[in-house]
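Visitor: To start, I am sharing the structure in question, which I have written as structure tokens.
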Amino acid sequence: MDNQRLLIWGFFAIMAYLTWQTWMEDYGPQPVPPAPAVEETVDPLAPVDDLPAVSSTDDTLPAVGTPQAPVDATITETAEPQPIITVRTDVLEIEINPVGGVLQRAVVLQYPVAKDDPDTLVELLSPQIDDLGLIRSWLRAVDGQAAPDRASVFETTGESFELGDDDEIVVPLTWQHESGLTVEKRFTFRRDSYAIGVEQTVTNGTDSAWVGDQVTQALRRSRDPERSMFNVDSYSFDGPQVFDGKGAEKLDRDDLRKETFQITTDDGWVASLQHHFLSAVVPAEGTTNTIQVQVRDDIMTASVIESPARSIAPGASDTFTRTLFVGPKLQAQLREVHPRLTLSVDYGWLTILSQPMFWLLSWIYKFVGNWGWAIIGVTIVIKLVFYRLSESSGRSMAKMRELQPRMKALQDRYKDDRQALSQAMMDLYKREKINPAAGCLPILIQMPFFLAFYWVLVESVEMRQAPFALWITDLSSRDPFFILPLIMGAAMLFQQKLNPAPADPVQARVMQIMPIMFTAFFAFFPSGLVLYWVTNTLLSIAQQWKINKVVHQEALDKKSGKDRKGKKKKKETE
């Protein structure tokens with residue numbers, strides 16, 4: 001009982017702190033808002049902090065290069081504006097700036113920001129400084145050699161490209177230098193895919209070898225997180241993540257402001273995460289790349305530099321490749337781009353449990369065709385897996401319920417002597433073979449699995465704006481009429497009636513308040529989470545009701561001398 005009391009008071013303290021924190025956010029001192037500013041755009045050609053110089057492992061080739069200038073945080077004048085190239089597929093709408101061949105806007109066509117506003121779509125790339133997102137790529141050469149940089153103007157065959165009925169569309173950009181060097185940059189878009197192929201083919205028409213490498217760079221606004229207990233999305237990671245070939249690491253904004261992160265890897269990638277969506281740069285398989293990430297003036301810059309530099313002989317050509325991913329974290333598509341890009345789905349330290357649960361959820365969805373019913377199915381499976389464990393806990397609780405009259409008598413007898421009462425209670429538990437802590441241990445063992453499933457529901461984009469039934473039209477947002485949370489509160493209250501009342505009056509009052517607190521807490525949670533908790537509570541009620549009935553009958557048989565084991569032994573003796 002002491003263990004249960006400690007758990008309850010601990011939970012109560014956490015809830016009180018979260019309530020106070022939310023009250024302070026809503027009603028506490030508020031920062032003075034800045035004066036409204038004119039909407040600004042970021043120069044897609046602005047330089048960045050020092051990048052590694054062009055390098056080569058070939059001793060016969062020069063290993064020199066001019067590092068880039070430090071980042072210029074001001075809004076600078078760009079090259080002369082050029083007509084923007086628009087690309088539309090069945091899932092993306094893209095804008096490409098021919099100056100540098102920069103991806104400067106990406107709209108995800110099938111994902112509205114809010115379900116009740118289908119015309120306002122999620123925008124993952126944007127030149128607007130308040131929600132900046134750019135992906136730029138260019139080539140670098142050793143000193144004195146030509147190469148298209150961020151300010152180079154590319155020519156194209158058109159200003160508008162549309163996938164239409166085709167399965168693939170290629171957007172070609174061409175840059176030519178008077179020396180005879182030609183570079184063709186091609187963006188490849190495919191049907192039903194958020195992966196974007198980028199190729200830069202260098203044709204060396206000069207009379208000497210061309211030596212250079214490629215740089216791909218993702219820029220994204222960087223903000224301090226604003227947490228709210230009424231907004232589950234606010235607790236998702238927003239920022240850069242790097243995979244070094246062995247493990248993925250989410251990079252802290254404050255650390256990046258102090259020091260640039262840099263690694264060299266043969267099988268890595270870098271991504272900018274924002275809950276259900278990401279923008280990622282994935283190098284070609286079999287290449288070595290240096291990944292560099294930094295934050296300056298609230299702008300995160302992630303650079304991927306291929307090394308060593310390549311040498312292209314006169315009259316020859318070579319192609320530099322990259323794969324970009326701009327879209328929702330659909331795990332099947334992420335896996336096609338890179339087998340470990342699914343680590344961008346932020347299940348935290350419970351990934352080892354969450355991934356199998358997501359697979360099970362997806363498998364059930366294939367049969368039922370509804371994510372709500374899939375959630376119910378997975379909850380049933382989890383309950384079945386832990387049935388025996390929770391049955392042991394339930395039997396302990398049921399036996400304690402049967403002992404309530406005797407425990408009340410002991411409390412009346414030793415009401416002025418707590419030490420004697422404690423000893424008498426322990427003796428009673430020992431005689432009846434009851435472990436009061438047995439009710440807590442199974443719950444603690446199951447908690448990691450419940451939390452893992454919680455993160456599956458919160459982080460999986462498949463649940464975003466998915467309908468269930470009746471008034472639940474979006475499993476990722478709160479119940480618009482708060483019906484599910486009320487059902488959950490009523491179910492928890494009924495569940496308490498099936499369990500023994502705590503001996504401590506204070507503890508009993510806290511237990512009575514908990515369903516109310518849970519109802520208020522879950523009222524603003526996504527409907528999918530509440531559906532999971534309601535289903536789990538209803539299954540627990542059914543199981544506990546059955547166990548109580550069995551244990552009560554066993555107690556009646558024991559009192560009447562009709563113990564089943566005794567009857568069996570007597571029969572065997574005859």
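Ligands are numbered from 1 in the order shown, residues from 1 within each chain, and chains are lettered A, B, ... in the order they appear in the structure tokens.
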Using only C-alpha atoms, which residues sit within 9 Å of Arg105 (chain A) once same-chain residues fewer than 6 positions away are excluded, as number ranges by chain?
Guide: A: 93-96, 123-127, 133-134
Visitor: Nearest to Asp346 (chain A) among A:Ser527, A:Ser460, A:Ser393, A:Asn97, with distances taken over only C-alpha atoms: which residue is it?
Guide: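 Closest residue, counting only C-alpha atoms: A:Ser460.
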Visitor: Point out the residue among A:Arg140, A:Arg478, A:Lys329, A:Lys415 with the least atom-to-atom distance to Phe525 (chain A), counting only C-alpha atoms.
Guide: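 Among A:Arg140, A:Arg478, A:Lys329, A:Lys415, it is A:Arg478 that comes nearest to Phe525 (chain A).
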Visitor: Give me the residues near Thr323 (chain A) as a list in words, where near means some atom within 7 Å (using only C-alpha atoms) and where sequence neighbours in that chain fewer than 5 positions away do not count.
Guide: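 Residues near the query, excluding close chain neighbours: Ala195, Ile196, Gly197, Val198, Val281, Val282 and Pro283 of chain A.
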Visitor: Need to verify the contact set: Val458 (chain A), 12 Å, only C-alpha atoms, exclusion of same-chain residues closer than 3 positions in sequence. Can you return it as a count of residues only?
Guide: 35
Visitor: I'd like the contact shell of Arg221 (chain A) - 8 Å cut-off, only C-alpha atoms, skipping same-chain residues fewer than 6 positions apart - returned as a list in words.
Guide: Ile129, Asp130, Asp131, Leu132, Gly133, Asp298, Ile299 and Met300 of chain A
Visitor: Give me the residues within 10 Å of Leu484 (chain A) as a ChimeraX atom specification, counting only C-alpha atoms and dropping any in the same chain fewer than 3 places off.
Guide: /A:472,478-481,487-490,519,522-523,527-528,530-531,533-534
Visitor: Which residue out of A:Ile380, A:Ala332, A:Ala398, A:Gly158 has the minimum interatomic distance to Thr537 (chain A) when only C-alpha atoms are used?
Guide: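 Using only C-alpha atoms, the shortest distance to Thr537 (chain A) belongs to A:Ile380.
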Visitor: Please indicate the distance in Å from CA of Thr265 (chain A) to CA of Lys246 (chain A), rounded to one decimal place.
Guide: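 Value for the CA of Thr265 (chain A)-CA of Lys246 (chain A) distance: 9.6 Å.
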Visitor: CA of Val108 (chain A) and CA of Val91 (chain A), how far apart in Å?
Guide: 6.1 Å
Visitor: Just the residues within 9 Å of Val153 (chain A), please, counting only C-alpha atoms, with nothing from its chain fewer than 3 positions along; format it as number ranges by chain.
Guide: A: 79, 82, 97-101, 148-150, 174-175
